[in-house]
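**Student:** Got a structure here, written out as structure tokens. Questions coming.
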Amino acid sequence: MTRPENERPALVTGSSRGLGRATAIELAARGHPLVVHYVRSEGPAAETVQEIEAAGGRAVAVGADVADAEGCDRLLRAATEAFGPVAVLVNNAGVTADGLAMRMKDDAWQRVLDTNLTGAFRLSRGVLRAMLKARWGRIVNLSSVVARMGNAGQANYVASKAGLIGLTKALAREVSGRGVTVNAVAPGFIESDMTDALPDELKASYLTQIPAGRFGTPHDVAAMVAFLAGDEAAYVTGQTLSVDGGLTMQ
């Protein structure tokens, strides 16, 4: 018998704001005890915890840098101490350091890969033993439409997000026979501080490329992640699901 959702601790990296915050709140609303992760945004992380608790959920905030191994270990230890072994891992933490490839410094490349891809690998490795023992677990990696389309000036970011898709498939082949699923979600243009700051004419240009005729919302992405984290998605694994209004339909 699998554990009910209120006994399945969830860890969402980079969940003090944006997509991660929306995902944490959505999972908490479905009963998961929530570990809200942040690097420097302690205040927003605390506000996310307060919102979850005000709605009757359970949550703690943990600060750690997932770009390094010690930070990943510390995060997993704190999560386990708070609620027990992580049953749902959402690898959402991500950074950018944009620039044309011919001018990109090694540290700009490495920092993005360390945070976005290597951090996701280390955390996934860290939770898998307990998931396999329980014969139930969910790992959801936040990729991006740019992993499929490419994007000028983001060689490091695109490589990290494409790497997450490959990691998703490899892990899924290793663990899906034991009740653990691994999937990726690839958001498209999502409403955020960044899109709000775009000139109106540029927004209009982007919208012409989206069949749905609108930018997505953080909740659009959070709902997909929550679906993949639930029992209803038990037969979905190794997939990359686009949440992009049809931008990358094939």
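Chain identifiers are assigned as A, B, and so on, following the order in which chains appear in the structure tokens; residues are numbered from 1 within each chain, and ligands are numbered from 1 in order of appearance.
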Within 7 Å of Pro218 (chain A), counting only C-alpha atoms, which residues show up once you throw out same-chain ones fewer than 2 positions away? Write them as a compact mmCIF listing (two decimals) with N, CA and C atoms, in the first residue's frame, please.

**Tutor:**
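Output (result37.txt):
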# COMPACT_ATOMS: atom_id res chain seq x y z
N GLY A 18 8.25 32.66 -7.84
CA GLY A 18 8.04 32.21 -9.21
C GLY A 18 7.40 30.84 -9.33
N LEU A 19 7.88 30.08 -10.31
CA LEU A 19 7.33 28.76 -10.58
C LEU A 19 7.48 27.83 -9.39
N ALA A 22 4.86 28.65 -6.72
CA ALA A 22 3.54 28.18 -7.13
C ALA A 22 3.43 26.67 -7.00
N ILE A 190 6.20 32.16 -19.62
CA ILE A 190 5.38 32.18 -18.42
C ILE A 190 5.39 33.60 -17.83
N GLU A 191 4.23 34.07 -17.38
CA GLU A 191 4.13 35.39 -16.76
C GLU A 191 5.09 35.49 -15.57
N GLY A 216 1.72 31.77 -20.38
CA GLY A 216 1.28 30.87 -19.32
C GLY A 216 1.39 31.54 -17.96
N ASP A 220 -0.23 27.25 -14.21
CA ASP A 220 -0.29 26.29 -15.32
C ASP A 220 0.82 25.25 -15.18
N VAL A 221 2.00 25.71 -14.82
CA VAL A 221 3.14 24.80 -14.66
C VAL A 221 2.99 23.99 -13.39
N ALA A 222 2.61 24.64 -12.30
CA ALA A 222 2.46 23.95 -11.01
C ALA A 222 1.45 22.82 -11.10

**Student:** Would you list, as number ranges by chain, the residues of region 4-172 of chain A that end up in strand (DSSP E) under DSSP run on this structure's backbone?

**Tutor:** A: 10-12, 34-38, 59-63, 88-91, 137-142

**Student:** Please determine, counting only C-alpha atoms, which residue among A:Ala46, A:Ala223, A:Ala204, A:Val12 has the shortest atom-to-atom distance to Ser124 (chain A).

**Tutor:**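 Using only C-alpha atoms, Ser124 (chain A) sits closest to A:Val12.
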
**Student:** Using only C-alpha atoms, find each residue in region 126-170 of chain A having at least one atom no more than 10 Å away from region 102-114 of chain A; report its shortest atom-to-atom pair and that distance in Å (one decimal), rows by chain then rising number, as CSV.

**Tutor:**
residue,atom,partner,partner_atom,distance
A:Gly153,CA,A:Met104,CA,8.9
A:Gln154,CA,A:Met104,CA,9.5
A:Ala155,CA,A:Trp109,CA,8.1
A:Asn156,CA,A:Trp109,CA,5.2
A:Tyr157,CA,A:Val112,CA,6.3
A:Val158,CA,A:Leu113,CA,9.6
A:Ala159,CA,A:Leu113,CA,7.7
A:Ser160,CA,A:Leu113,CA,5.4
A:Lys161,CA,A:Leu113,CA,8.9
A:Gly163,CA,A:Leu113,CA,9.0

**Student:** Can you work out which one of A:Pro85, A:Gly31, A:Gly230, A:Pro187 has the shortest atom-to-atom distance to Val243 (chain A), counting only C-alpha atoms?

**Tutor:**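 Nearest to Val243 (chain A): A:Pro187.
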
**Student:** Contacts of Leu76 (chain A) at 12 Å or less, counting only C-alpha atoms, minus same-chain residues fewer than 2 places along, as a VMD selection string?

**Tutor:** chain A and resid 9 to 13 35 to 37 62 to 66 69 to 74 78 to 87 89 119 122 to 128 130

**Student:** Taking 6 positions as the minimum chain separation for residues in the same chain, which residues sit within 10 Å of Val88 (chain A) when counting only C-alpha atoms? Answer as an MDAnalysis selection string.

**Tutor:** chainID A and resid 5 8:12 27 32:34 127 131 136:140 180:181 226 228:230

**Student:** Select from region 20-177 of chain A everything DSSP, run on the backbone, classes as alpha helix (DSSP H), then give the selection as a PyMOL selection string.

**Tutor:** chain A and resi 20-29+42-54+69-83+106-113+119-134+146-149+155-175

**Student:** Using the selection just defined, write its residues with C-alpha atoms as a PDB file, in the first residue's frame.

**Tutor:**
ATOM      1  CA  GLY A  20       8.871  27.034  -7.589  1.00  0.00           C
ATOM      2  CA  ARG A  21       6.697  28.939  -5.145  1.00  0.00           C
ATOM      3  CA  ALA A  22       3.537  28.181  -7.127  1.00  0.00           C
ATOM      4  CA  THR A  23       4.510  24.511  -7.246  1.00  0.00           C
ATOM      5  CA  ALA A  24       5.214  24.342  -3.522  1.00  0.00           C
ATOM      6  CA  ILE A  25       1.841  25.911  -2.706  1.00  0.00           C
ATOM      7  CA  GLU A  26       0.029  23.559  -5.115  1.00  0.00           C
ATOM      8  CA  LEU A  27       1.667  20.444  -3.666  1.00  0.00           C
ATOM      9  CA  ALA A  28       0.976  21.614  -0.119  1.00  0.00           C
ATOM     10  CA  ALA A  29      -2.661  22.174  -1.041  1.00  0.00           C
ATOM     11  CA  GLU A  42      15.113  33.897   3.031  1.00  0.00           C
ATOM     12  CA  GLY A  43      12.315  36.449   3.411  1.00  0.00           C
ATOM     13  CA  PRO A  44      10.267  35.259   0.414  1.00  0.00           C
ATOM     14  CA  ALA A  45      10.838  31.635   1.485  1.00  0.00           C
ATOM     15  CA  ALA A  46       9.442  32.426   4.941  1.00  0.00           C
ATOM     16  CA  GLU A  47       6.416  34.086   3.303  1.00  0.00           C
ATOM     17  CA  THR A  48       5.822  30.956   1.232  1.00  0.00           C
ATOM     18  CA  VAL A  49       5.924  28.831   4.391  1.00  0.00           C
ATOM     19  CA  GLN A  50       3.501  31.201   6.112  1.00  0.00           C
ATOM     20  CA  GLU A  51       1.059  31.013   3.196  1.00  0.00           C
ATOM     21  CA  ILE A  52       1.157  27.212   3.235  1.00  0.00           C
ATOM     22  CA  GLU A  53       0.652  27.072   7.000  1.00  0.00           C
ATOM     23  CA  ALA A  54      -2.173  29.623   6.877  1.00  0.00           C
ATOM     24  CA  ALA A  69      27.745  18.862  -3.136  1.00  0.00           C
ATOM     25  CA  GLU A  70      27.789  19.950   0.515  1.00  0.00           C
ATOM     26  CA  GLY A  71      24.794  22.204  -0.067  1.00  0.00           C
ATOM     27  CA  CYS A  72      22.826  19.335  -1.599  1.00  0.00           C
ATOM     28  CA  ASP A  73      23.716  17.059   1.311  1.00  0.00           C
ATOM     29  CA  ARG A  74      22.717  19.702   3.854  1.00  0.00           C
ATOM     30  CA  LEU A  75      19.395  20.291   2.112  1.00  0.00           C
ATOM     31  CA  LEU A  76      18.525  16.595   2.069  1.00  0.00           C
ATOM     32  CA  ARG A  77      19.515  16.152   5.713  1.00  0.00           C
ATOM     33  CA  ALA A  78      17.319  19.067   6.760  1.00  0.00           C
ATOM     34  CA  ALA A  79      14.402  17.802   4.670  1.00  0.00           C
ATOM     35  CA  THR A  80      14.630  14.324   6.193  1.00  0.00           C
ATOM     36  CA  GLU A  81      14.912  15.706   9.722  1.00  0.00           C
ATOM     37  CA  ALA A  82      11.811  17.830   9.170  1.00  0.00           C
ATOM     38  CA  PHE A  83       9.419  15.320   7.599  1.00  0.00           C
ATOM     39  CA  ASP A 106      34.259  29.286 -18.018  1.00  0.00           C
ATOM     40  CA  ASP A 107      32.827  30.322 -14.663  1.00  0.00           C
ATOM     41  CA  ALA A 108      29.575  31.494 -16.311  1.00  0.00           C
ATOM     42  CA  TRP A 109      29.269  28.132 -18.032  1.00  0.00           C
ATOM     43  CA  GLN A 110      30.137  26.124 -14.936  1.00  0.00           C
ATOM     44  CA  ARG A 111      27.909  27.942 -12.464  1.00  0.00           C
ATOM     45  CA  VAL A 112      24.822  27.412 -14.623  1.00  0.00           C
ATOM     46  CA  LEU A 113      25.594  23.726 -15.245  1.00  0.00           C
ATOM     47  CA  GLY A 119      22.502  19.910  -8.524  1.00  0.00           C
ATOM     48  CA  ALA A 120      19.467  18.084  -9.908  1.00  0.00           C
ATOM     49  CA  PHE A 121      21.552  14.944 -10.383  1.00  0.00           C
ATOM     50  CA  ARG A 122      22.978  15.049  -6.858  1.00  0.00           C
ATOM     51  CA  LEU A 123      19.591  15.580  -5.247  1.00  0.00           C
ATOM     52  CA  SER A 124      18.001  12.844  -7.358  1.00  0.00           C
ATOM     53  CA  ARG A 125      20.773  10.451  -6.406  1.00  0.00           C
ATOM     54  CA  GLY A 126      20.289  11.392  -2.780  1.00  0.00           C
ATOM     55  CA  VAL A 127      16.559  10.577  -2.669  1.00  0.00           C
ATOM     56  CA  LEU A 128      16.455   7.474  -4.841  1.00  0.00           C
ATOM     57  CA  ARG A 129      17.514   4.882  -2.272  1.00  0.00           C
ATOM     58  CA  ALA A 130      14.593   5.704   0.045  1.00  0.00           C
ATOM     59  CA  MET A 131      12.158   5.936  -2.890  1.00  0.00           C
ATOM     60  CA  LEU A 132      13.200   2.527  -4.202  1.00  0.00           C
ATOM     61  CA  LYS A 133      12.919   1.009  -0.749  1.00  0.00           C
ATOM     62  CA  ALA A 134       9.403   2.440  -0.406  1.00  0.00           C
ATOM     63  CA  VAL A 146      14.688  26.353 -25.100  1.00  0.00           C
ATOM     64  CA  ALA A 147      16.070  22.846 -24.578  1.00  0.00           C
ATOM     65  CA  ARG A 148      14.230  21.918 -27.777  1.00  0.00           C
ATOM     66  CA  MET A 149      14.403  25.222 -29.672  1.00  0.00           C
ATOM     67  CA  ALA A 155      24.432  28.179 -24.547  1.00  0.00           C
ATOM     68  CA  ASN A 156      24.998  27.336 -20.876  1.00  0.00           C
ATOM     69  CA  TYR A 157      21.335  27.549 -19.884  1.00  0.00           C
ATOM     70  CA  VAL A 158      20.110  25.642 -22.941  1.00  0.00           C
ATOM     71  CA  ALA A 159      22.711  22.912 -22.382  1.00  0.00           C
ATOM     72  CA  SER A 160      21.661  22.546 -18.742  1.00  0.00           C
ATOM     73  CA  LYS A 161      17.963  22.304 -19.596  1.00  0.00           C
ATOM     74  CA  ALA A 162      18.612  19.841 -22.433  1.00  0.00           C
ATOM     75  CA  GLY A 163      20.756  17.845 -20.030  1.00  0.00           C
ATOM     76  CA  LEU A 164      17.810  17.594 -17.643  1.00  0.00           C
ATOM     77  CA  ILE A 165      15.775  15.910 -20.370  1.00  0.00           C
ATOM     78  CA  GLY A 166      18.527  13.361 -20.903  1.00  0.00           C
ATOM     79  CA  LEU A 167      18.899  12.836 -17.159  1.00  0.00           C
ATOM     80  CA  THR A 168      15.147  12.303 -16.898  1.00  0.00           C
ATOM     81  CA  LYS A 169      15.176   9.546 -19.498  1.00  0.00           C
ATOM     82  CA  ALA A 170      18.215   7.783 -18.060  1.00  0.00           C
ATOM     83  CA  LEU A 171      16.882   7.781 -14.492  1.00  0.00           C
ATOM     84  CA  ALA A 172      13.434   6.670 -15.647  1.00  0.00           C
ATOM     85  CA  ARG A 173      14.939   3.600 -17.314  1.00  0.00           C
ATOM     86  CA  GLU A 174      16.814   2.752 -14.122  1.00  0.00           C
ATOM     87  CA  VAL A 175      14.061   3.112 -11.526  1.00  0.00           C
TER      88      VAL A 175
END

**Student:** To one decimal in Å, tell me the separation between CA of Asn116 (chain A) and CA of Ser176 (chain A).

**Tutor:**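 Separation between CA of Asn116 (chain A) and CA of Ser176 (chain A): 23.0 Å.
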
**Student:** Of the candidates A:Gly238, A:Gly246, A:Thr115, A:Ser16, which one gets nearest to Thr208 (chain A) if we count only C-alpha atoms?

**Tutor:**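 Checking each candidate against Thr208 (chain A), we get A:Gly246 as the closest.
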
**Student:** Find the distance between CA of Val39 (chain A) and CA of Gly94 (chain A) and write it in Å to one decimal.

**Tutor:** 10.7 Å

**Student:** Take CA of Asp244 (chain A) and CA of Phe215 (chain A) and report the distance between them in Å, one decimal.

**Tutor:** 8.0 Å
